[in-house]
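*Asks:* Structure file protein_32.json, JSON, C-alpha atoms and all ligand atoms, is pasted below:
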```json
[["chain", "number", "residue", "atom", "x", "y", "z"],
["A", 653, "MET", "CA", -8.17, 53.68, -10.51],
["A", 654, "PRO", "CA", -7.08, 51.95, -7.26],
["A", 655, "ALA", "CA", -7.02, 48.15, -7.48],
["A", 656, "LYS", "CA", -9.98, 46.43, -5.81],
["A", 657, "THR", "CA", -9.11, 45.39, -2.26],
["A", 658, "PRO", "CA", -9.46, 41.63, -1.96],
["A", 659, "PRO", "CA", -11.64, 40.27, 0.88],
["A", 660, "GLY", "CA", -10.10, 38.69, 3.95],
["A", 661, "LEU", "CA", -9.76, 35.01, 3.15],
["A", 662, "VAL", "CA", -9.99, 32.07, 5.55],
["A", 663, "ILE", "CA", -9.39, 28.56, 4.24],
["A", 664, "LEU", "CA", -10.19, 25.46, 6.30],
["A", 665, "THR", "CA", -8.72, 22.13, 5.25],
["A", 666, "GLY", "CA", -9.23, 18.56, 6.40],
["A", 667, "ALA", "CA", -7.86, 15.11, 5.67],
["A", 668, "GLY", "CA", -9.32, 15.04, 2.13],
["A", 669, "ILE", "CA", -6.68, 17.50, 0.89],
["A", 670, "SER", "CA", -3.90, 15.06, 1.80],
["A", 671, "ARG", "CA", -5.65, 11.94, 0.45],
["A", 672, "GLU", "CA", -4.08, 12.21, -3.00],
["A", 673, "SER", "CA", -0.64, 12.50, -1.37],
["A", 674, "GLY", "CA", -1.26, 9.00, 0.00],
["A", 675, "LEU", "CA", -2.49, 9.73, 3.55],
["A", 676, "ALA", "CA", -5.73, 8.06, 4.57],
["A", 677, "THR", "CA", -8.60, 10.21, 5.82],
["A", 678, "PHE", "CA", -10.49, 9.40, 9.03],
["A", 679, "ARG", "CA", -14.06, 8.59, 8.03],
["A", 680, "ASP", "CA", -13.75, 7.16, 4.51],
["A", 681, "PRO", "CA", -14.08, 3.34, 4.29],
["A", 682, "ASP", "CA", -10.26, 2.97, 4.29],
["A", 683, "GLY", "CA", -9.85, 5.70, 6.92],
["A", 684, "ALA", "CA", -8.16, 5.63, 10.33],
["A", 685, "TRP", "CA", -11.45, 5.32, 12.23],
["A", 686, "ALA", "CA", -12.37, 2.18, 10.27],
["A", 687, "LYS", "CA", -9.33, 0.46, 11.79],
["A", 688, "HIS", "CA", -9.16, 1.99, 15.27],
["A", 689, "ARG", "CA", -11.75, 3.24, 17.70],
["A", 690, "ILE", "CA", -11.37, 6.92, 18.56],
["A", 691, "GLU", "CA", -11.71, 6.11, 22.26],
["A", 692, "ASP", "CA", -8.76, 3.65, 22.03],
["A", 693, "VAL", "CA", -6.19, 6.00, 20.47],
["A", 694, "ALA", "CA", -7.35, 9.61, 20.37],
["A", 695, "THR", "CA", -8.38, 10.68, 23.87],
["A", 696, "PRO", "CA", -6.42, 11.62, 27.02],
["A", 697, "GLU", "CA", -8.09, 8.64, 28.75],
["A", 698, "ALA", "CA", -6.77, 6.27, 26.06],
["A", 699, "PHE", "CA", -3.25, 7.62, 26.61],
["A", 700, "ARG", "CA", -3.52, 7.11, 30.38],
["A", 701, "ARG", "CA", -4.95, 3.60, 29.91],
["A", 702, "ASP", "CA", -2.65, 2.29, 27.16],
["A", 703, "PRO", "CA", 0.12, 4.74, 26.20],
["A", 704, "ALA", "CA", 1.98, 2.08, 24.17],
["A", 705, "LEU", "CA", -1.02, 1.60, 21.85],
["A", 706, "VAL", "CA", -1.46, 5.35, 21.41],
["A", 707, "HIS", "CA", 2.26, 5.80, 20.69],
["A", 708, "ALA", "CA", 2.15, 2.96, 18.12],
["A", 709, "PHE", "CA", -0.80, 4.62, 16.32],
["A", 710, "TYR", "CA", 0.91, 8.02, 16.07],
["A", 711, "ASN", "CA", 4.43, 6.61, 15.46],
["A", 712, "ALA", "CA", 3.14, 4.85, 12.35],
["A", 713, "ARG", "CA", 1.44, 8.00, 11.10],
["A", 714, "ARG", "CA", 4.54, 10.14, 11.81],
["A", 715, "ALA", "CA", 6.79, 7.66, 9.96],
["A", 716, "GLN", "CA", 4.46, 7.81, 6.94],
["A", 717, "LEU", "CA", 5.20, 11.51, 6.50],
["A", 718, "ALA", "CA", 8.64, 10.64, 5.13],
["A", 719, "GLU", "CA", 6.96, 8.72, 2.28],
["A", 720, "VAL", "CA", 4.58, 11.44, 1.07],
["A", 721, "ALA", "CA", 4.85, 14.88, -0.51],
["A", 722, "PRO", "CA", 2.57, 17.90, -0.89],
["A", 723, "ASN", "CA", 0.20, 17.60, -3.87],
["A", 724, "ALA", "CA", -1.15, 20.15, -6.36],
["A", 725, "ALA", "CA", -3.82, 21.31, -3.88],
["A", 726, "HIS", "CA", -1.32, 22.09, -1.07],
["A", 727, "LEU", "CA", 0.96, 23.85, -3.57],
["A", 728, "ALA", "CA", -1.89, 25.90, -5.06],
["A", 729, "LEU", "CA", -2.89, 27.18, -1.60],
["A", 730, "ALA", "CA", 0.70, 28.24, -0.87],
["A", 731, "GLU", "CA", 0.81, 30.11, -4.19],
["A", 732, "LEU", "CA", -2.56, 31.74, -3.41],
["A", 733, "GLU", "CA", -1.16, 32.99, -0.10],
["A", 734, "ARG", "CA", 1.94, 34.44, -1.80],
["A", 735, "GLN", "CA", -0.18, 36.41, -4.27],
["A", 736, "TRP", "CA", -3.16, 37.39, -2.08],
["A", 737, "ARG", "CA", -3.12, 41.12, -1.24],
["A", 738, "GLY", "CA", -5.71, 40.87, 1.54],
["A", 739, "ASP", "CA", -5.73, 39.13, 4.92],
["A", 740, "PHE", "CA", -5.12, 35.40, 4.61],
["A", 741, "LEU", "CA", -5.30, 32.55, 7.11],
["A", 742, "LEU", "CA", -5.07, 28.84, 6.38],
["A", 743, "VAL", "CA", -6.57, 26.75, 9.17],
["A", 744, "THR", "CA", -5.99, 23.04, 8.94],
["A", 745, "GLN", "CA", -7.35, 20.19, 11.01],
["A", 746, "ASN", "CA", -4.55, 18.06, 9.61],
["A", 747, "VAL", "CA", -1.66, 17.00, 11.79],
["A", 748, "ASP", "CA", 0.53, 16.12, 8.79],
["A", 749, "ASP", "CA", 3.13, 18.66, 7.64],
["A", 750, "LEU", "CA", 2.14, 18.91, 3.98],
["A", 751, "HIS", "CA", 0.92, 22.53, 4.11],
["A", 752, "ASN", "CA", 4.17, 23.53, 5.83],
["A", 753, "ARG", "CA", 6.26, 21.73, 3.24],
["A", 754, "ALA", "CA", 4.23, 23.26, 0.38],
["A", 755, "GLY", "CA", 5.27, 26.69, 1.68],
["A", 756, "SER", "CA", 2.16, 27.94, 3.52],
["A", 757, "ARG", "CA", 3.11, 30.48, 6.20],
["A", 758, "ASN", "CA", -0.03, 31.98, 7.73],
["A", 759, "LEU", "CA", -1.06, 28.57, 8.96],
["A", 760, "VAL", "CA", -2.80, 27.28, 12.08],
["A", 761, "GLN", "CA", -2.70, 23.54, 12.77],
["A", 762, "MET", "CA", -5.70, 23.60, 15.07],
["A", 763, "HIS", "CA", -5.47, 19.89, 15.97],
["A", 764, "GLY", "CA", -1.71, 19.90, 16.64],
["A", 765, "ALA", "CA", 1.16, 18.39, 14.69],
["A", 766, "LEU", "CA", 2.56, 14.88, 14.31],
["A", 767, "ARG", "CA", 6.11, 16.21, 14.11],
["A", 768, "ARG", "CA", 5.95, 17.75, 17.59],
["A", 769, "ALA", "CA", 6.04, 16.12, 21.01],
["A", 770, "ARG", "CA", 5.07, 17.58, 24.36],
["A", 771, "CYS", "CA", 6.17, 16.66, 27.87],
["A", 772, "LEU", "CA", 3.39, 16.23, 30.43],
["A", 773, "HIS", "CA", 5.89, 16.82, 33.26],
["A", 774, "CYS", "CA", 7.34, 20.19, 32.20],
["A", 775, "GLU", "CA", 5.01, 21.17, 29.27],
["A", 776, "ALA", "CA", 8.01, 21.74, 26.95],
["A", 777, "VAL", "CA", 7.16, 21.26, 23.26],
["A", 778, "HIS", "CA", 9.81, 19.79, 20.94],
["A", 779, "PRO", "CA", 10.13, 19.24, 17.20],
["A", 780, "TRP", "CA", 9.93, 15.45, 16.89],
["A", 781, "ASP", "CA", 10.61, 12.98, 14.07],
["A", 782, "ALA", "CA", 11.53, 9.76, 15.91],
["A", 783, "PRO", "CA", 9.16, 7.18, 17.39],
["A", 784, "LEU", "CA", 7.92, 7.99, 20.92],
["A", 785, "SER", "CA", 7.60, 5.47, 23.75],
["A", 786, "THR", "CA", 6.88, 5.49, 27.47],
["A", 787, "ALA", "CA", 10.67, 5.31, 27.99],
["A", 788, "THR", "CA", 11.44, 8.41, 25.89],
["A", 789, "PRO", "CA", 13.05, 11.08, 28.11],
["A", 790, "CYS", "CA", 12.05, 14.72, 27.68],
["A", 791, "PRO", "CA", 15.00, 16.66, 26.17],
["A", 792, "ALA", "CA", 14.18, 19.57, 28.52],
["A", 793, "CYS", "CA", 13.50, 18.01, 31.94],
["A", 794, "ALA", "CA", 14.98, 14.51, 31.27],
["A", 795, "LYS", "CA", 12.00, 12.72, 32.86],
["A", 796, "ALA", "CA", 10.57, 9.71, 31.02],
["A", 797, "GLY", "CA", 6.94, 8.64, 30.84],
["A", 798, "GLY", "CA", 5.43, 12.03, 30.05],
["A", 799, "MET", "CA", 6.22, 12.47, 26.38],
["A", 800, "ARG", "CA", 3.09, 12.55, 24.21],
["A", 801, "PRO", "CA", 2.32, 13.49, 20.60],
["A", 802, "ASP", "CA", 1.43, 17.21, 20.43],
["A", 803, "ILE", "CA", -1.98, 16.31, 19.03],
["A", 804, "VAL", "CA", -5.33, 17.74, 20.14],
["A", 805, "TRP", "CA", -7.30, 14.69, 21.22],
["A", 806, "PHE", "CA", -11.08, 14.41, 21.53],
["A", 807, "GLY", "CA", -12.05, 16.24, 24.71],
["A", 808, "GLU", "CA", -9.13, 18.70, 24.41],
["A", 809, "MET", "CA", -9.18, 22.32, 23.24],
["A", 810, "PRO", "CA", -8.00, 23.08, 19.67],
["A", 811, "VAL", "CA", -5.08, 25.50, 19.53],
["A", 812, "GLU", "CA", -4.98, 29.18, 18.51],
["A", 813, "MET", "CA", -8.77, 29.59, 18.60],
["A", 814, "GLY", "CA", -8.31, 33.34, 19.31],
["A", 815, "ARG", "CA", -6.35, 33.86, 16.10],
["A", 816, "ILE", "CA", -8.87, 31.81, 14.12],
["A", 817, "GLY", "CA", -11.80, 33.71, 15.65],
["A", 818, "MET", "CA", -10.31, 37.09, 14.67],
["A", 819, "ALA", "CA", -9.77, 35.96, 11.08],
["A", 820, "LEU", "CA", -13.33, 34.58, 10.86],
["A", 821, "GLU", "CA", -14.76, 37.84, 12.23],
["A", 822, "THR", "CA", -13.25, 39.92, 9.44],
["A", 823, "CYS", "CA", -13.25, 37.53, 6.48],
["A", 824, "GLY", "CA", -15.27, 38.08, 3.33],
["A", 825, "LEU", "CA", -14.51, 34.72, 1.77],
["A", 826, "PHE", "CA", -14.45, 31.30, 3.47],
["A", 827, "VAL", "CA", -13.38, 28.13, 1.68],
["A", 828, "SER", "CA", -13.62, 24.65, 3.19],
["A", 829, "ILE", "CA", -11.63, 21.85, 1.53],
["A", 830, "GLY", "CA", -11.63, 18.08, 2.12],
["A", 831, "THR", "CA", -13.40, 17.87, 5.45],
["A", 832, "SER", "CA", -16.49, 15.82, 6.26],
["A", 833, "GLY", "CA", -17.89, 18.40, 8.70],
["A", 834, "ASN", "CA", -18.18, 15.97, 11.58],
["A", 835, "VAL", "CA", -15.88, 17.63, 14.09],
["A", 836, "TYR", "CA", -16.49, 20.89, 15.95],
["A", 837, "PRO", "CA", -15.45, 23.65, 16.33],
["A", 838, "ALA", "CA", -14.17, 23.52, 12.71],
["A", 839, "ALA", "CA", -17.52, 22.26, 11.39],
["A", 840, "GLY", "CA", -19.18, 25.38, 12.85],
["A", 841, "PHE", "CA", -16.96, 27.99, 11.16],
["A", 842, "VAL", "CA", -19.20, 28.24, 8.09],
["A", 843, "ALA", "CA", -22.21, 29.19, 10.24],
["A", 844, "GLU", "CA", -20.11, 31.79, 12.10],
["A", 845, "VAL", "CA", -19.23, 33.65, 8.88],
["A", 846, "ALA", "CA", -22.47, 33.10, 6.95],
["A", 847, "ASP", "CA", -23.78, 36.68, 7.44],
["A", 848, "ARG", "CA", -20.67, 38.37, 6.02],
["A", 849, "ALA", "CA", -18.68, 36.01, 3.81],
["A", 850, "TRP", "CA", -19.09, 34.16, 0.54],
["A", 851, "THR", "CA", -18.73, 30.49, 1.47],
["A", 852, "VAL", "CA", -17.49, 27.70, -0.80],
["A", 853, "GLU", "CA", -17.01, 23.98, -0.10],
["A", 854, "LEU", "CA", -14.65, 21.80, -2.16],
["A", 855, "ASN", "CA", -14.99, 18.10, -1.30],
["A", 856, "LEU", "CA", -15.10, 14.71, -2.98],
["A", 857, "GLU", "CA", -18.73, 14.38, -1.90],
["A", 858, "PRO", "CA", -21.18, 16.75, -0.19],
["A", 859, "SER", "CA", -20.08, 17.11, 3.45],
["A", 860, "LEU", "CA", -22.49, 16.92, 6.39],
["A", 861, "GLY", "CA", -22.74, 20.71, 6.34],
["A", 862, "HIS", "CA", -22.73, 21.28, 2.58],
["A", 863, "SER", "CA", -26.11, 23.03, 2.56],
["A", 864, "ARG", "CA", -24.70, 25.81, 4.76],
["A", 865, "PHE", "CA", -22.36, 26.87, 1.94],
["A", 866, "GLU", "CA", -23.36, 29.24, -0.85],
["A", 867, "GLU", "CA", -21.50, 27.06, -3.28],
["A", 868, "ALA", "CA", -20.43, 23.41, -3.06],
["A", 869, "ARG", "CA", -18.22, 21.79, -5.69],
["A", 870, "GLN", "CA", -17.56, 18.04, -5.79],
["A", 871, "GLY", "CA", -14.36, 16.40, -7.00],
["A", 872, "PRO", "CA", -10.78, 15.60, -6.02],
["A", 873, "ALA", "CA", -8.85, 18.36, -4.27],
["A", 874, "THR", "CA", -5.95, 18.24, -6.74],
["A", 875, "GLN", "CA", -8.35, 19.36, -9.47],
["A", 876, "LEU", "CA", -10.77, 21.62, -7.62],
["A", 877, "VAL", "CA", -8.26, 23.60, -5.56],
["A", 878, "PRO", "CA", -5.90, 24.72, -8.38],
["A", 879, "ALA", "CA", -8.99, 25.69, -10.43],
["A", 880, "LEU", "CA", -10.44, 27.80, -7.60],
["A", 881, "VAL", "CA", -7.06, 29.40, -6.91],
["A", 882, "GLU", "CA", -6.78, 30.40, -10.55],
["A", 883, "GLU", "CA", -10.28, 31.92, -10.45],
["A", 884, "LEU", "CA", -9.54, 33.87, -7.27],
["A", 885, "LEU", "CA", -6.21, 35.18, -8.51],
["A", 886, "SER", "CA", -7.64, 36.24, -11.87],
["A", 887, "GLN", "CA", -10.37, 38.14, -10.01],
["A", 888, "TRP", "CA", -8.33, 39.70, -7.18],
["A", 889, "ALA", "CA", -4.54, 39.58, -7.74],
["B", 1, "LIG", "N1", -10.38, 15.44, -2.49],
["B", 1, "LIG", "C1", -11.30, 16.12, -1.75],
["B", 1, "LIG", "N2", -11.95, 15.57, -0.72],
["B", 1, "LIG", "C2", -11.69, 14.29, -0.41],
["B", 1, "LIG", "C3", -10.73, 13.53, -1.13],
["B", 1, "LIG", "C4", -10.08, 14.15, -2.21],
["B", 1, "LIG", "N3", -9.17, 13.51, -2.96],
["B", 1, "LIG", "N4", -10.69, 12.28, -0.59],
["B", 1, "LIG", "C5", -11.55, 12.27, 0.43],
["B", 1, "LIG", "N5", -12.18, 13.48, 0.55],
["B", 1, "LIG", "C6", -13.18, 13.92, 1.52],
["B", 1, "LIG", "C7", -14.10, 12.83, 2.00],
["B", 1, "LIG", "O1", -15.21, 12.71, 1.11],
["B", 1, "LIG", "C8", -14.51, 13.33, 3.37],
["B", 1, "LIG", "O2", -15.71, 14.11, 3.31],
["B", 1, "LIG", "O3", -12.49, 14.36, 2.67],
["B", 1, "LIG", "C9", -13.35, 14.23, 3.81],
["B", 1, "LIG", "C10", -12.52, 13.69, 4.95],
["B", 1, "LIG", "O4", -13.30, 13.62, 6.11],
["B", 1, "LIG", "P1", -12.75, 13.01, 7.47],
["B", 1, "LIG", "O5", -12.11, 11.70, 7.23],
["B", 1, "LIG", "O6", -13.85, 13.07, 8.47],
["B", 1, "LIG", "O7", -11.57, 14.04, 7.87],
["B", 1, "LIG", "P2", -11.68, 15.47, 8.59],
["B", 1, "LIG", "O8", -12.95, 16.13, 8.22],
["B", 1, "LIG", "O9", -10.42, 16.17, 8.33],
["B", 1, "LIG", "O10", -11.74, 15.04, 10.11],
["B", 1, "LIG", "C11", -11.77, 16.06, 11.09],
["B", 1, "LIG", "O11", -11.66, 14.40, 12.77],
["B", 1, "LIG", "O12", -10.87, 12.50, 13.81],
["B", 1, "LIG", "C12", -10.73, 13.83, 13.68],
["B", 1, "LIG", "O13", -8.89, 15.01, 14.42],
["B", 1, "LIG", "C13", -9.34, 14.30, 13.29],
["B", 1, "LIG", "O14", -8.76, 16.39, 12.21],
["B", 1, "LIG", "C14", -9.60, 15.24, 12.14],
["B", 1, "LIG", "C15", -11.06, 15.60, 12.31]]
```
What would you get if you wrote out this structure as structure tokens?
Ligand code: APR
*Replies:*
Amino acid sequence: MPAKTPPGLVILTGAGISRESGLATFRDPDGAWAKHRIEDVATPEAFRRDPALVHAFYNARRAQLAEVAPNAAHLALAELERQWRGDFLLVTQNVDDLHNRAGSRNLVQMHGALRRARCLHCEAVHPWDAPLSTATPCPACAKAGGMRPDIVWFGEMPVEMGRIGMALETCGLFVSIGTSGNVYPAAGFVAEVADRAWTVELNLEPSLGHSRFEEARQGPATQLVPALVEELLSQWA
């Protein structure tokens, strides 16, 4: 008997999956948006108005990455990818590098990456670990003043939407982990796949869009994700 073919799998993650590694989310009471206004630090207008403030916000978050490590949820998703025999795409809204460090490979960071910088003069993108400032010269064109975090700000287009769209079109299973469902287009993915995929939400509390999922489980990601991965692998691997 041929083994059952596993469904195409798309997993969407948000800040909640990195919370137990020690990174704050955005909309929880201790989250980034409780301390800063989005319009001050996370829009192209904010960067034009006060680049030093925007750099300080992202420099602090980039520096924090050296103090944290992937947790059991990141590691379980990397193991799931290694063992999954069907199509697999991990889409994260997170700009941290914890999925990368856990070993995930088919990964889209749809909101950009803290450890990359981009030059507004020549559009070159560079791996970046140091603090950025308005005096930082671009390693490619040598001009200063144009280096920005390679982050998708509010009002900008998320990256690799074509690749995400193709995976959503053919998936049979969609899992959303640790995201509050406030930010589109990610918050709309569950509705896009509803007619063809089994949809599951794993979150500390019901998200804004929890009722759109066939199944919603509440709890910390480090418990819920390894448990789901074990279930999926016992059913399909
Ligand atoms: N395990 C699972 N879920 C958790 C945990 C945890 N340990 N801790 C918190 N959560 C949940 C919260 O209950 C919340 O619903 O994670 C969610 C985080 O939501 P947000 O802070 O809104 O983060 P996210 O959904 O990723 O934000 C989307 O908003 O500001 C932008 O660009 C930013 O990518 C980000 C986007």
*Asks:* Just want the 7 Å neighbourhood of A:Pro801, counted on all atoms listed in the file, with same-chain residues fewer than 4 positions away dropped. Output as a tab-separated table (two decimals) with C-alpha atoms, in the frame of the given file.
*Replies:*
```tsv
chain	number	residue	atom	x	y	z
A	766	LEU	CA	2.56	14.88	14.31
A	768	ARG	CA	5.95	17.75	17.59
A	769	ALA	CA	6.04	16.12	21.01
A	770	ARG	CA	5.07	17.58	24.36
```
*Asks:* Of the candidates A:His773, A:Arg679, A:Arg815, A:Arg713, which one gets nearest to A:Gly833 if we count only C-alpha atoms?
*Replies:*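 Using only C-alpha atoms, the shortest distance to A:Gly833 belongs to A:Arg679.
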*Asks:* Take the point (9.8, 17.0, 34.8) as written in the file and pick out every residue within 8 Å of it, counting all atoms listed in the file; give the list as JSON, numbers by chain.
*Replies:* {"A": [771, 772, 773, 774, 790, 793, 794, 795]}
*Asks:* Go through A:Ala796, A:Val662, A:Val842, A:Val804 and flag the residue nearest ligand LIG 1 (chain B), using only C-alpha atoms and all ligand atoms for the distances.
*Replies:*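 Using only C-alpha atoms and all ligand atoms, ligand LIG 1 (chain B) sits closest to A:Val804.
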*Asks:* Just how far from atom CA of A:Ser886 is atom CA of A:Ile829, in Å to one decimal?
*Replies:*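 A separation of 20.1 Å between them.
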*Asks:* Name all residues at most 12 Å from A:Met818 (count only C-alpha atoms; drop same-chain ones fewer than 5 positions away) and give them as a list in words.
*Replies:*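 These residues fall inside the cut-off: Gly660, Leu661, Val662, Asp739, Phe740, Leu741, Glu812, Met813, Cys823, Phe841, Glu844 and Val845 of chain A.
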*Asks:* Considering only C-alpha atoms and all ligand atoms, give me a table of residues in chain A that are at most 9 Å from ligand LIG 1 (chain B), with the closest atom pair and distance in Å for each, as a Markdown table.
*Replies:*
```
| residue | atom | partner | partner_atom | distance |
| --- | --- | --- | --- | --- |
| A:Thr665 | CA | B:LIG1 | O9 | 6.9 |
| A:Gly666 | CA | B:LIG1 | O9 | 3.3 |
| A:Ala667 | CA | B:LIG1 | O9 | 3.8 |
| A:Gly668 | CA | B:LIG1 | O3 | 3.3 |
| A:Ile669 | CA | B:LIG1 | N1 | 5.4 |
| A:Ser670 | CA | B:LIG1 | N3 | 7.3 |
| A:Arg671 | CA | B:LIG1 | N3 | 5.1 |
| A:Glu672 | CA | B:LIG1 | N3 | 5.3 |
| A:Ser673 | CA | B:LIG1 | N3 | 8.7 |
| A:Ala676 | CA | B:LIG1 | O5 | 7.8 |
| A:Thr677 | CA | B:LIG1 | O5 | 4.1 |
| A:Phe678 | CA | B:LIG1 | O5 | 3.3 |
| A:Arg679 | CA | B:LIG1 | O5 | 3.8 |
| A:Asp680 | CA | B:LIG1 | O5 | 5.5 |
| A:Gly683 | CA | B:LIG1 | O5 | 6.4 |
| A:Ala684 | CA | B:LIG1 | O5 | 7.9 |
| A:Trp685 | CA | B:LIG1 | O12 | 7.4 |
| A:Ile690 | CA | B:LIG1 | O12 | 7.3 |
| A:Ala694 | CA | B:LIG1 | O12 | 8.0 |
| A:Ala725 | CA | B:LIG1 | N1 | 8.9 |
| A:Thr744 | CA | B:LIG1 | O14 | 7.9 |
| A:Gln745 | CA | B:LIG1 | O14 | 4.2 |
| A:Asn746 | CA | B:LIG1 | O14 | 5.2 |
| A:Val747 | CA | B:LIG1 | O14 | 7.1 |
| A:Met762 | CA | B:LIG1 | O14 | 8.3 |
| A:His763 | CA | B:LIG1 | O14 | 6.1 |
| A:Gly764 | CA | B:LIG1 | O13 | 9.0 |
| A:Ile803 | CA | B:LIG1 | O13 | 8.4 |
| A:Val804 | CA | B:LIG1 | O13 | 7.3 |
| A:Trp805 | CA | B:LIG1 | O13 | 7.0 |
| A:Phe806 | CA | B:LIG1 | O13 | 7.5 |
| A:Ile829 | CA | B:LIG1 | C1 | 6.6 |
| A:Gly830 | CA | B:LIG1 | N2 | 3.8 |
| A:Thr831 | CA | B:LIG1 | O8 | 3.3 |
| A:Ser832 | CA | B:LIG1 | O2 | 3.5 |
| A:Gly833 | CA | B:LIG1 | O8 | 5.5 |
| A:Asn834 | CA | B:LIG1 | O6 | 6.1 |
| A:Val835 | CA | B:LIG1 | C11 | 5.3 |
| A:Tyr836 | CA | B:LIG1 | C11 | 8.3 |
| A:Ala838 | CA | B:LIG1 | C11 | 8.0 |
| A:Ala839 | CA | B:LIG1 | O8 | 8.3 |
| A:Leu854 | CA | B:LIG1 | C1 | 6.6 |
| A:Asn855 | CA | B:LIG1 | N2 | 4.0 |
| A:Leu856 | CA | B:LIG1 | N2 | 4.0 |
| A:Glu857 | CA | B:LIG1 | O1 | 4.9 |
| A:Pro858 | CA | B:LIG1 | O2 | 7.0 |
| A:Ser859 | CA | B:LIG1 | O2 | 5.3 |
| A:Leu860 | CA | B:LIG1 | O2 | 8.0 |
| A:Gln870 | CA | B:LIG1 | C1 | 7.7 |
| A:Gly871 | CA | B:LIG1 | C1 | 6.1 |
| A:Pro872 | CA | B:LIG1 | N1 | 3.6 |
| A:Ala873 | CA | B:LIG1 | N1 | 3.7 |
| A:Thr874 | CA | B:LIG1 | N1 | 6.7 |
| A:Gln875 | CA | B:LIG1 | N1 | 8.3 |
| A:Leu876 | CA | B:LIG1 | N1 | 8.0 |
| A:Val877 | CA | B:LIG1 | C1 | 8.9 |
```
*Asks:* Restricted to C-alpha atoms, what would the selected residues look like written as a PDB file, keeping the file's coordinate frame?
*Replies:*
```pdb
ATOM      1  CA  THR A 665      -8.720  22.130   5.250  1.00  0.00           C
ATOM      2  CA  GLY A 666      -9.230  18.560   6.400  1.00  0.00           C
ATOM      3  CA  ALA A 667      -7.860  15.110   5.670  1.00  0.00           C
ATOM      4  CA  GLY A 668      -9.320  15.040   2.130  1.00  0.00           C
ATOM      5  CA  ILE A 669      -6.680  17.500   0.890  1.00  0.00           C
ATOM      6  CA  SER A 670      -3.900  15.060   1.800  1.00  0.00           C
ATOM      7  CA  ARG A 671      -5.650  11.940   0.450  1.00  0.00           C
ATOM      8  CA  GLU A 672      -4.080  12.210  -3.000  1.00  0.00           C
ATOM      9  CA  SER A 673      -0.640  12.500  -1.370  1.00  0.00           C
ATOM     10  CA  ALA A 676      -5.730   8.060   4.570  1.00  0.00           C
ATOM     11  CA  THR A 677      -8.600  10.210   5.820  1.00  0.00           C
ATOM     12  CA  PHE A 678     -10.490   9.400   9.030  1.00  0.00           C
ATOM     13  CA  ARG A 679     -14.060   8.590   8.030  1.00  0.00           C
ATOM     14  CA  ASP A 680     -13.750   7.160   4.510  1.00  0.00           C
ATOM     15  CA  GLY A 683      -9.850   5.700   6.920  1.00  0.00           C
ATOM     16  CA  ALA A 684      -8.160   5.630  10.330  1.00  0.00           C
ATOM     17  CA  TRP A 685     -11.450   5.320  12.230  1.00  0.00           C
ATOM     18  CA  ILE A 690     -11.370   6.920  18.560  1.00  0.00           C
ATOM     19  CA  ALA A 694      -7.350   9.610  20.370  1.00  0.00           C
ATOM     20  CA  ALA A 725      -3.820  21.310  -3.880  1.00  0.00           C
ATOM     21  CA  THR A 744      -5.990  23.040   8.940  1.00  0.00           C
ATOM     22  CA  GLN A 745      -7.350  20.190  11.010  1.00  0.00           C
ATOM     23  CA  ASN A 746      -4.550  18.060   9.610  1.00  0.00           C
ATOM     24  CA  VAL A 747      -1.660  17.000  11.790  1.00  0.00           C
ATOM     25  CA  MET A 762      -5.700  23.600  15.070  1.00  0.00           C
ATOM     26  CA  HIS A 763      -5.470  19.890  15.970  1.00  0.00           C
ATOM     27  CA  GLY A 764      -1.710  19.900  16.640  1.00  0.00           C
ATOM     28  CA  ILE A 803      -1.980  16.310  19.030  1.00  0.00           C
ATOM     29  CA  VAL A 804      -5.330  17.740  20.140  1.00  0.00           C
ATOM     30  CA  TRP A 805      -7.300  14.690  21.220  1.00  0.00           C
ATOM     31  CA  PHE A 806     -11.080  14.410  21.530  1.00  0.00           C
ATOM     32  CA  ILE A 829     -11.630  21.850   1.530  1.00  0.00           C
ATOM     33  CA  GLY A 830     -11.630  18.080   2.120  1.00  0.00           C
ATOM     34  CA  THR A 831     -13.400  17.870   5.450  1.00  0.00           C
ATOM     35  CA  SER A 832     -16.490  15.820   6.260  1.00  0.00           C
ATOM     36  CA  GLY A 833     -17.890  18.400   8.700  1.00  0.00           C
ATOM     37  CA  ASN A 834     -18.180  15.970  11.580  1.00  0.00           C
ATOM     38  CA  VAL A 835     -15.880  17.630  14.090  1.00  0.00           C
ATOM     39  CA  TYR A 836     -16.490  20.890  15.950  1.00  0.00           C
ATOM     40  CA  ALA A 838     -14.170  23.520  12.710  1.00  0.00           C
ATOM     41  CA  ALA A 839     -17.520  22.260  11.390  1.00  0.00           C
ATOM     42  CA  LEU A 854     -14.650  21.800  -2.160  1.00  0.00           C
ATOM     43  CA  ASN A 855     -14.990  18.100  -1.300  1.00  0.00           C
ATOM     44  CA  LEU A 856     -15.100  14.710  -2.980  1.00  0.00           C
ATOM     45  CA  GLU A 857     -18.730  14.380  -1.900  1.00  0.00           C
ATOM     46  CA  PRO A 858     -21.180  16.750  -0.190  1.00  0.00           C
ATOM     47  CA  SER A 859     -20.080  17.110   3.450  1.00  0.00           C
ATOM     48  CA  LEU A 860     -22.490  16.920   6.390  1.00  0.00           C
ATOM     49  CA  GLN A 870     -17.560  18.040  -5.790  1.00  0.00           C
ATOM     50  CA  GLY A 871     -14.360  16.400  -7.000  1.00  0.00           C
ATOM     51  CA  PRO A 872     -10.780  15.600  -6.020  1.00  0.00           C
ATOM     52  CA  ALA A 873      -8.850  18.360  -4.270  1.00  0.00           C
ATOM     53  CA  THR A 874      -5.950  18.240  -6.740  1.00  0.00           C
ATOM     54  CA  GLN A 875      -8.350  19.360  -9.470  1.00  0.00           C
ATOM     55  CA  LEU A 876     -10.770  21.620  -7.620  1.00  0.00           C
ATOM     56  CA  VAL A 877      -8.260  23.600  -5.560  1.00  0.00           C
TER      57      VAL A 877
END
```
